[in-house]
Structure formats: structure tokens, C-alpha cells
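Okay, structure first, notes after.
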Amino acid sequence: MIRKYDVLDVFRLIAALFVVGIHSWPLPDLNSNIILFQGIGRFAVPFFLLTSGFLLHKKLKNLTNKEEVVYIWRYVKRLFQFYVAWWLVYLWLTPLKWGGTYRFEGQHGMQLLKSLFNQYILYFFTGSTFIGSWYISATIIGVIIVFVLFRRLSVLLQLLIGILWLGALLIVLLQGKKVAIITVFLSQTPQILPAETFLVAVPFIIFGRAIAKYEEKLSQIPITLLVSIVIVLQALISKEIFHWRSMGTAISHEQLFFADILAIVIVLIAVNKTVLNIKIPSARYIRNLASFVYMGQFGLLILASIVRKHVGIMFSNWTMYAIILLLLFLMFEILQSFENKRNFKLVKYLW
């Protein structure tokens, strides 16, 4: 019997809503935004990466070595199609920064050509081509590293590598400004954003794979214990985010230790034996909507900034957040209605 992880899909949508909140700061109180979105909401991206590692390992479980290789590359191909679909949709967005300002201002000739090549192509490996794309490219590269390059390593050895990898990454991101060699390196390579590359993806894909490997034992953890841990972690994340913001040593707050732990615990809740009894008939719809919300938000956020700046229509961040979510839902409903039509089958690559 094939297990279905319907609650995992619900958590995906919740995580996507948090990501929109991270980028829009919707609450009127600054500290509330910091705690809820810039703190607790940071579980979202690690959670997405964990689910990728978990579900891919589950798919490979009963395949032969040859079938595994075929399936992995098919999975990578599907992710790349997802990336290319949004790359095409966001051709207009790529030249713009957050706030809608033009990123190639004052550039001409060969300098402009080089910048265009870097932004549209090269930054696939070191950050984002279009805003928000780093998550897809990081997942693609992370899957290749974990499931292809690390293929002959045991899951336990991979887990050790993942723990050491994440530890080093957190030191770089949260203590980087105190380490001269890190600040010098990043100043010389401004196109490399450690918090937005495959460096983040690799450890969480490994952890997701380990959860899948030892699912039978991990699913036995009492659900009340897991929920209690989630409650405690929310308080710890609130303390952690303010700690690092006050210390001034962080290169980026996109990764927080306790938010990463929260992501792992949420996955454990989703695969818990008690939760697996919950069946959601619309789980596939929710899963596709979550993917669309995650990627579709960026264009609408930039358009909102342009409207504010150049049209003079002012609205609160909460209004923007609500309108963006409503538009994303409406756009998804419209596009999904075309998915099975002969001339519009490529629409499916948007989720």
C-alpha cells in the first residue's frame, strides 16, 4: 500500500503563506513581523527542502539501481522545467530589484552584456537569476549532490555530513561579520549569496532523506511530544531572531538554528502514524497551489512596489498581503482550468 502524506501538502501551503509574509511584512507592528515572519516563518524554506529529500527517497525505496538513476534524472528534469517555466514568465522581472528599481542602470556595451549573461544564466549556480529563483536552482543542485554524487554513501554518513555542513553554514551566516576571511571573500564575490544557494539545500535534503530512511521508528514519536516541542521552539525562535539582530554579526538572518529544528519537527508531525490517518481529498490541489503561491508572489510584490512608487496608490502592507494571496488564488484557478487543454498543457510546469 502506497502511503499518502496529505498533511505534508497542507504544511506546504502554510509554509508558502509564511514566505509571502516574509517578503511583505504584513503586520502593522514591527516586532510582530519580526517574530512571526522573519523568525518563525524561516522554517518554510528548510521545510520545502526537507520534503524534497523525504519524498524523493521514498520514491526510490523499491527501485533497482538502474531505475533509481533514471528516476532521479527525471525528477531533476521536472524541477528544471518548473524553473524554465518561471524564468520565461519572469523575463520582465529579472532586470528589476526589490522595490522595482532597474538593476542595470548606467551599464552599456560589453559591461551590460556581461551583466545580462550573469543575471539570466550564471546566477543559477550562485544565487537567483529572477527574484526568488534560487530555491529551485538550489534544490536541483542539492538533489544532484545528495542523490547522485553521494549515492554510494550510507544515509548515516550523509547525515553526519549534513550536520557538519549545516553547522558550518550557520556559523558563516550568523557569525560571518566577525570572521575576516569570510567578509573579505564575500566582498570579492558579491554575486555569491550563501543563504540563497545549494549550500542551504544540501543538508536539508539529506535530513529529509534520513527521515524517510528511519520513518518507521520516527513515526512512533508521540504526537503530543512533537506538538509540545513546536510550542517551545516558537518561543526559542523569538529569542534567537532578536539576539542575532542585536549582535550585528550576521551576514543573513534567512537561516536560524531553532527555525531549522522547527522545520524538521513539522516534517516529523506530518509523517507521524497518528497524522497519517488524516486523508485530504484535495491534497494534490493544495500541493500545486503551494508551489504556485511560492513562485507567483514575486512578480506581484514587485508590481505592488511599482504601483506605490509610480502610480501613487498607497495601501498598507496587510492590504497588499491579502490582495496578493487573493490574486494568486484566482490566477491559479484560471490557469489550472487550462491545464488539460491541448494548446495549454505547458501550464502544468508552473506548479
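Going through the C-alpha cells in order, the chains are called A, B, and so on, while each chain numbers its residues from 1 and the ligands are numbered from 1 in the order shown.
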Long-range neighbours of stretch 40-56 of chain A as a PyMOL selection string, 6 Å cut-off, only C-alpha atoms, 3 positions minimum in chain: chain A and resi 15+18+36-37+59+204-205+208-209+212+259-260+263
Give me the residues near A:Leu262 as an MDAnalysis selection string, where near means some atom within 9 Å (using only C-alpha atoms) and where sequence neighbours in that chain fewer than 5 positions away do not count. chainID A and resid 40 43 47 229:230 233:234 237 257 267
Now that the selection is made, can you save its residues with N, CA, C and O atoms as a PDB file, in the first residue's frame?
ATOM      1  N   ILE A  40       9.815  32.885  13.085  1.00  0.00           N
ATOM      2  CA  ILE A  40       9.141  31.587  12.949  1.00  0.00           C
ATOM      3  C   ILE A  40       8.976  31.200  11.476  1.00  0.00           C
ATOM      4  O   ILE A  40       9.146  30.040  11.107  1.00  0.00           O
ATOM      5  N   PHE A  43      11.139  28.782   9.018  1.00  0.00           N
ATOM      6  CA  PHE A  43      11.092  27.320   8.892  1.00  0.00           C
ATOM      7  C   PHE A  43      10.725  26.902   7.474  1.00  0.00           C
ATOM      8  O   PHE A  43      10.961  25.760   7.069  1.00  0.00           O
ATOM      9  N   PHE A  47      11.832  23.556   5.362  1.00  0.00           N
ATOM     10  CA  PHE A  47      10.747  22.564   5.289  1.00  0.00           C
ATOM     11  C   PHE A  47      10.552  22.076   3.850  1.00  0.00           C
ATOM     12  O   PHE A  47      10.415  20.875   3.606  1.00  0.00           O
ATOM     13  N   ILE A 229       7.027  20.350  21.489  1.00  0.00           N
ATOM     14  CA  ILE A 229       8.321  20.858  21.012  1.00  0.00           C
ATOM     15  C   ILE A 229       8.113  22.055  20.092  1.00  0.00           C
ATOM     16  O   ILE A 229       8.852  23.041  20.152  1.00  0.00           O
ATOM     17  N   VAL A 230       7.093  21.993  19.239  1.00  0.00           N
ATOM     18  CA  VAL A 230       6.782  23.116  18.343  1.00  0.00           C
ATOM     19  C   VAL A 230       6.485  24.371  19.147  1.00  0.00           C
ATOM     20  O   VAL A 230       6.969  25.466  18.816  1.00  0.00           O
ATOM     21  N   LEU A 233       9.696  25.685  20.620  1.00  0.00           N
ATOM     22  CA  LEU A 233      10.563  26.222  19.572  1.00  0.00           C
ATOM     23  C   LEU A 233      10.124  27.621  19.130  1.00  0.00           C
ATOM     24  O   LEU A 233      10.973  28.462  18.803  1.00  0.00           O
ATOM     25  N   GLN A 234       8.835  27.874  19.128  1.00  0.00           N
ATOM     26  CA  GLN A 234       8.370  29.211  18.748  1.00  0.00           C
ATOM     27  C   GLN A 234       8.908  30.272  19.700  1.00  0.00           C
ATOM     28  O   GLN A 234       9.312  31.362  19.271  1.00  0.00           O
ATOM     29  N   ILE A 237      12.705  30.597  18.988  1.00  0.00           N
ATOM     30  CA  ILE A 237      12.955  31.341  17.742  1.00  0.00           C
ATOM     31  C   ILE A 237      12.790  32.840  17.982  1.00  0.00           C
ATOM     32  O   ILE A 237      13.569  33.650  17.476  1.00  0.00           O
ATOM     33  N   PHE A 257      18.894  28.665  13.712  1.00  0.00           N
ATOM     34  CA  PHE A 257      19.054  27.301  14.231  1.00  0.00           C
ATOM     35  C   PHE A 257      17.724  26.695  14.666  1.00  0.00           C
ATOM     36  O   PHE A 257      17.353  25.591  14.254  1.00  0.00           O
ATOM     37  N   VAL A 267       7.986  18.262   9.791  1.00  0.00           N
ATOM     38  CA  VAL A 267       8.004  17.086   8.906  1.00  0.00           C
ATOM     39  C   VAL A 267       7.692  15.824   9.712  1.00  0.00           C
ATOM     40  O   VAL A 267       6.918  14.960   9.268  1.00  0.00           O
TER      41      VAL A 267
END
Determine, counting only C-alpha atoms, which protein, DNA and RNA residues have an atom within 7 Å of an atom of A:Arg287; residues of the same chain fewer than 2 positions away are not included. Present the result as a ChimeraX atom specification. /A:9,12-13,283-285,289-291
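If you look at atom CA of A:Gly248 and atom CA of A:Ser305, they are 27.9 Å away from each other.
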d(atom CA of A:Leu169, atom CA of A:Pro203) in Å: 9.6 Å
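Going from atom CA of A:Asn65 over to atom CA of A:Tyr214, you cover 20.1 Å.
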As a VMD selection string, please: all residues of stretch 76-313 of chain A that backbone DSSP puts in helix (DSSP H, G or I). chain A and resid 76 to 89 109 to 126 134 to 149 155 to 178 180 to 188 194 to 196 198 to 213 215 to 218 223 to 247 257 to 270 275 to 277 283 to 311
Excluding A:Leu79 and residues on its chain fewer than 3 positions from it, collect all residues at most 10 Å away from it, counting only C-alpha atoms, and give them as a short mmCIF file (atom, residue, chain, number, x, y, z; two decimals) with N, CA and C atoms, in the first residue's frame.
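Writing the result to around.cif gives the following:
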data_model
loop_
_atom_site.label_atom_id
_atom_site.label_comp_id
_atom_site.auth_asym_id
_atom_site.auth_seq_id
_atom_site.Cartn_x
_atom_site.Cartn_y
_atom_site.Cartn_z
N TRP A 73 17.07 11.52 -12.45
CA TRP A 73 17.26 12.48 -13.54
C TRP A 73 15.92 12.95 -14.09
N ARG A 74 14.91 12.09 -14.02
CA ARG A 74 13.57 12.52 -14.43
C ARG A 74 13.05 13.58 -13.45
N TYR A 75 13.34 13.38 -12.17
CA TYR A 75 12.94 14.34 -11.14
C TYR A 75 13.66 15.68 -11.35
N VAL A 76 14.96 15.61 -11.62
CA VAL A 76 15.74 16.83 -11.88
C VAL A 76 15.21 17.54 -13.12
N PHE A 82 10.14 23.30 -14.28
CA PHE A 82 9.50 24.26 -13.37
C PHE A 82 10.28 25.57 -13.34
N TYR A 83 11.60 25.45 -13.26
CA TYR A 83 12.48 26.63 -13.25
C TYR A 83 12.35 27.41 -14.56
N VAL A 84 12.45 26.73 -15.70
CA VAL A 84 12.40 27.39 -17.01
C VAL A 84 11.05 28.07 -17.22
N ALA A 85 9.97 27.41 -16.78
CA ALA A 85 8.64 28.00 -16.94
C ALA A 85 8.56 29.36 -16.25
N ILE A 136 14.67 27.06 -6.43
CA ILE A 136 14.55 25.98 -7.41
C ILE A 136 15.92 25.49 -7.84
N SER A 137 16.81 26.42 -8.19
CA SER A 137 18.15 26.01 -8.64
C SER A 137 18.91 25.33 -7.51
N THR A 139 17.60 23.55 -5.11
CA THR A 139 17.04 22.20 -4.97
C THR A 139 17.59 21.28 -6.05
N ILE A 140 17.66 21.77 -7.28
CA ILE A 140 18.19 20.96 -8.39
C ILE A 140 19.62 20.52 -8.10
N TYR A 349 3.64 23.19 -15.89
CA TYR A 349 5.01 23.36 -15.39
C TYR A 349 5.14 24.54 -14.42
N TRP A 351 3.62 24.60 -11.65
CA TRP A 351 3.49 24.06 -10.28
C TRP A 351 4.01 22.65 -10.21
#
In terms of the shortest atom-to-atom distance over only C-alpha atoms, which of A:Met110, A:Leu276, A:Leu186, A:Ile34 is closest to A:Lys4? A:Leu276
